[in-house]
Amino acid sequence: MTVQVIASGSKGNAYVLRSEGVAPLLLECGITYRDLQVALAHQVTSLAGCVISHEHGDHSKAAVRLTAAGVCVYATAGTLAALNLTGHRAKPLTFLERTRIGSWSVVPFKAVHDAAEPAGFLIEDAAGDRLLFITDSAWSAYTFPGVNLVLIECNYDTSMLNAAVMKGKLPSQVAARTIKNHMSLANCIKTLQANDLSQCRQIVLLHLSAGNSNEKNFKSAVEAATGIPASIAPEKGVIA
């Protein structure tokens with residue numbers, strides 16, 4: 001499995017999962033439909049489907065247009081309702097139940113975020129390669145065996161966040177919301193260590209705060225804690 005990053009960050013998120021010989025799967029669609037068309041060389045309808053973690057625009061912006069184009073969109077019932085997404089192309093997912101999307105297998109699990117019914121995903125291709133995807137979640141109560149690739153939020157460092165509040169650079173209300181809805185470096189490491197990483201080849205860190213994170217320190221801290229190569233998600237590019 002490879003991951004094509006179309007967009008990653010607070011301005012929009014969209015990732016294309018590819019596996020040899022099968023239709024690709026779109027993970028998040030938080031950019032314009034036109035930008036998706038360009039990124040996919042105007043082959044949007046070749047997708048097996050699109051999976052969305054929650055209804056916020058930076059994760060779901062193109063959802064309605066995708067269904068209109070004939071692409072099935074998969075999300076929890078709460079997320080579909082929040083998006084007012086109906087019709088036979090809107091496919092509800094149930095927590096901890098496996099759903100087949102073409103040659104892909106998707107298991108959603110509960111995320112912790114200020115959205116209707118947010119989810120993380122364990123996604124497996126036909127060859128058995130497993131991707132763990134957790135974004136916009138303060139923590140995760142779930143663990144999975146045999147994970148090969150991890151895309152996980154690592155939004156802020158608690159000491160940096162507290163220092164920003166003390167210096168008046170960040171309103172305390174914003175800091176409180178961040179703590180409640182996004183994953184800290186410490187929680188990211190705890191989540192990773194709780195999972196079986198014995199077969200993991202790479203950890204990719206998502207959604208780093210512009211003011212309360214440090215890419216170099218986050219990368220080295222995660223590598224030291226897990227023994228797995230880590231990287232920061234590029235705004236665009238391919239993750240092996």
# chains A, B, ... in the order shown; residues from 1 in each chain; ligands from 1

$ closest_atom_pairs --of "segment 188-233 of chain A" --to "segment 163-178 of chain A" --cutoff "10 Å" --atoms "only C-alpha atoms" --output "JSON lines"
{"residue": "A:Ser209", "atom": "CA", "partner": "A:Thr178", "partner_atom": "CA", "distance": 9.8}
{"residue": "A:Gly211", "atom": "CA", "partner": "A:Ala164", "partner_atom": "CA", "distance": 8.4}
{"residue": "A:Asn212", "atom": "CA", "partner": "A:Ala164", "partner_atom": "CA", "distance": 7.8}

$ select_by_dssp --residues "segment 140-226 of chain A" --states "alpha helix (DSSP H)" --output "PyMOL selection string"
chain A and resi 158-166+172-181+185-194+215-226

$ write_last_selection --atoms "C-alpha atoms" --output "mmCIF file, in the first residue's frame"
data_model
loop_
_atom_site.group_PDB
_atom_site.id
_atom_site.type_symbol
_atom_site.label_atom_id
_atom_site.label_comp_id
_atom_site.auth_asym_id
_atom_site.auth_seq_id
_atom_site.Cartn_x
_atom_site.Cartn_y
_atom_site.Cartn_z
ATOM 1 C CA THR A 158 1.754 20.580 26.307
ATOM 2 C CA SER A 159 4.624 22.702 27.639
ATOM 3 C CA MET A 160 4.631 24.852 24.496
ATOM 4 C CA LEU A 161 0.856 25.244 24.671
ATOM 5 C CA ASN A 162 0.964 26.299 28.339
ATOM 6 C CA ALA A 163 3.814 28.724 27.663
ATOM 7 C CA ALA A 164 1.813 30.343 24.852
ATOM 8 C CA VAL A 165 -1.115 30.872 27.234
ATOM 9 C CA MET A 166 1.130 32.318 29.956
ATOM 10 C CA SER A 172 -6.962 30.068 27.426
ATOM 11 C CA GLN A 173 -10.288 29.092 25.812
ATOM 12 C CA VAL A 174 -8.507 28.125 22.599
ATOM 13 C CA ALA A 175 -5.953 26.113 24.555
ATOM 14 C CA ALA A 176 -8.728 24.296 26.427
ATOM 15 C CA ARG A 177 -10.478 23.410 23.174
ATOM 16 C CA THR A 178 -7.207 22.172 21.702
ATOM 17 C CA ILE A 179 -6.565 19.905 24.693
ATOM 18 C CA LYS A 180 -10.119 18.552 24.523
ATOM 19 C CA ASN A 181 -10.130 17.851 20.786
ATOM 20 C CA LEU A 185 2.773 14.609 21.539
ATOM 21 C CA ALA A 186 2.513 12.691 24.829
ATOM 22 C CA ASN A 187 -0.839 11.124 23.904
ATOM 23 C CA CYS A 188 0.416 10.354 20.415
ATOM 24 C CA ILE A 189 3.336 8.404 21.864
ATOM 25 C CA LYS A 190 1.086 6.600 24.371
ATOM 26 C CA THR A 191 -1.280 5.604 21.573
ATOM 27 C CA LEU A 192 1.542 4.316 19.413
ATOM 28 C CA GLN A 193 3.130 2.358 22.237
ATOM 29 C CA ALA A 194 -0.212 0.701 23.041
ATOM 30 C CA GLU A 215 8.773 19.092 13.688
ATOM 31 C CA LYS A 216 12.333 17.996 14.469
ATOM 32 C CA ASN A 217 11.630 17.336 18.148
ATOM 33 C CA PHE A 218 8.338 15.537 17.457
ATOM 34 C CA LYS A 219 9.945 13.268 14.872
ATOM 35 C CA SER A 220 12.876 12.352 17.127
ATOM 36 C CA ALA A 221 10.637 11.844 20.182
ATOM 37 C CA VAL A 222 8.342 9.440 18.321
ATOM 38 C CA GLU A 223 11.273 7.521 16.850
ATOM 39 C CA ALA A 224 12.945 7.234 20.259
ATOM 40 C CA ALA A 225 9.724 5.989 21.879
ATOM 41 C CA THR A 226 8.792 3.464 19.193
#

$ closest_residue --among "A:Val3, A:Leu40, A:Ile123, A:Cys29" --to "Trp104 of chain A" --atoms "only C-alpha atoms"
A:Ile123

$ atom_distance --atom1 "atom CA of Ile228 of chain A" --atom2 "atom CA of Ala23 of chain A"
29.0 Å

$ closest_atom_pairs --of "segment 51-170 of chain A" --to "segment 231-240 of chain A" --cutoff "12 Å" --atoms "only C-alpha atoms" --output "Markdown table"
| residue | atom | partner | partner_atom | distance |
| --- | --- | --- | --- | --- |
| A:Asp129 | CA | A:Ala240 | CA | 11.8 |
| A:Leu131 | CA | A:Ala240 | CA | 11.5 |
| A:Asn148 | CA | A:Ala240 | CA | 10.7 |
| A:Leu149 | CA | A:Ala240 | CA | 8.9 |
| A:Val150 | CA | A:Ser231 | CA | 10.5 |
| A:Leu151 | CA | A:Ala233 | CA | 8.3 |
| A:Ile152 | CA | A:Ala233 | CA | 9.6 |
| A:Glu153 | CA | A:Ala233 | CA | 9.9 |
| A:Cys154 | CA | A:Ile232 | CA | 9.4 |
| A:Asn155 | CA | A:Ile232 | CA | 11.2 |

$ write_last_selection --atoms "C-alpha atoms" --output "PDB file, in the first residue's frame"
ATOM      1  CA  ASP A 129      -1.177  -4.368   4.391  1.00  0.00           C
ATOM      2  CA  LEU A 131      -2.986   1.334   7.753  1.00  0.00           C
ATOM      3  CA  ASN A 148       2.143  -1.687   8.888  1.00  0.00           C
ATOM      4  CA  LEU A 149       1.697   2.065   8.421  1.00  0.00           C
ATOM      5  CA  VAL A 150       0.403   4.693  10.845  1.00  0.00           C
ATOM      6  CA  LEU A 151      -0.961   8.149  10.030  1.00  0.00           C
ATOM      7  CA  ILE A 152      -1.624   9.853  13.365  1.00  0.00           C
ATOM      8  CA  GLU A 153      -2.296  13.339  14.665  1.00  0.00           C
ATOM      9  CA  CYS A 154       0.472  14.900  16.760  1.00  0.00           C
ATOM     10  CA  ASN A 155      -0.852  18.402  17.214  1.00  0.00           C
TER      11      ASN A 155
END

$ select_by_dssp --residues "segment 5-235 of chain A" --states "strand (DSSP E or B)" --output "PyMOL selection string"
chain A and resi 5-7+14-18+25-27+49-51+73-76+90-93+99-101+104-110+119-124+130-134+149-153+156+184+202-206+230-232

$ atom_distance --atom1 "atom CA of Ala90 of chain A" --atom2 "atom CA of Met183 of chain A"
28.7 Å

$ residues_around --residues "segment 30-39 of chain A" --least-positions-apart "5" --cutoff "7 Å" --atoms "only C-alpha atoms" --output "PyMOL selection string"
chain A and resi 6+12-14+44+57-62+65

$ closest_residue --among "A:Asn195, A:Thr99, A:Gln202, A:Gln43" --to "Ser140 of chain A" --atoms "only C-alpha atoms"
A:Asn195

$ residues_around --residues "Pro145 of chain A" --least-positions-apart "4" --cutoff "9 Å" --atoms "only C-alpha atoms" --output "ChimeraX atom specification"
/A:195-199

$ closest_residue --among "A:Ala116, A:Val51, A:Arg130, A:His56" --to "Leu93 of chain A" --atoms "only C-alpha atoms"
A:Val51

$ residues_around --residues "Ala75 of chain A" --least-positions-apart "4" --cutoff "7 Å" --atoms "only C-alpha atoms" --output "PyMOL selection string"
chain A and resi 51-53+79-80+91-93

$ write_last_selection --atoms "C-alpha atoms" --output "compact mmCIF listing (two decimals), in the first residue's frame"
# COMPACT_ATOMS: atom_id res chain seq x y z
CA VAL A 51 -14.01 7.42 3.62
CA ILE A 52 -14.53 10.48 5.86
CA SER A 53 -13.58 10.76 9.55
CA THR A 79 -21.27 12.27 10.20
CA LEU A 80 -23.54 11.64 7.21
CA LYS A 91 -22.93 4.65 3.03
CA PRO A 92 -23.11 4.48 6.86
CA LEU A 93 -20.31 2.81 8.81

$ residues_around --residues "Glu117 of chain A" --least-positions-apart "3" --cutoff "7 Å" --atoms "only C-alpha atoms" --output "list in words"
His54, Thr76, Gly78 and Thr79 of chain A

$ atom_distance --atom1 "atom CA of Ala111 of chain A" --atom2 "atom CA of Ser137 of chain A"
5.2 Å

$ closest_residue --among "A:Val22, A:Val106, A:Val147, A:Ala82" --to "Cys50 of chain A" --atoms "only C-alpha atoms"
A:Val106

$ closest_residue --among "A:Ala7, A:Leu206, A:Leu17, A:Leu66" --to "Asp125 of chain A" --atoms "only C-alpha atoms"
A:Leu17
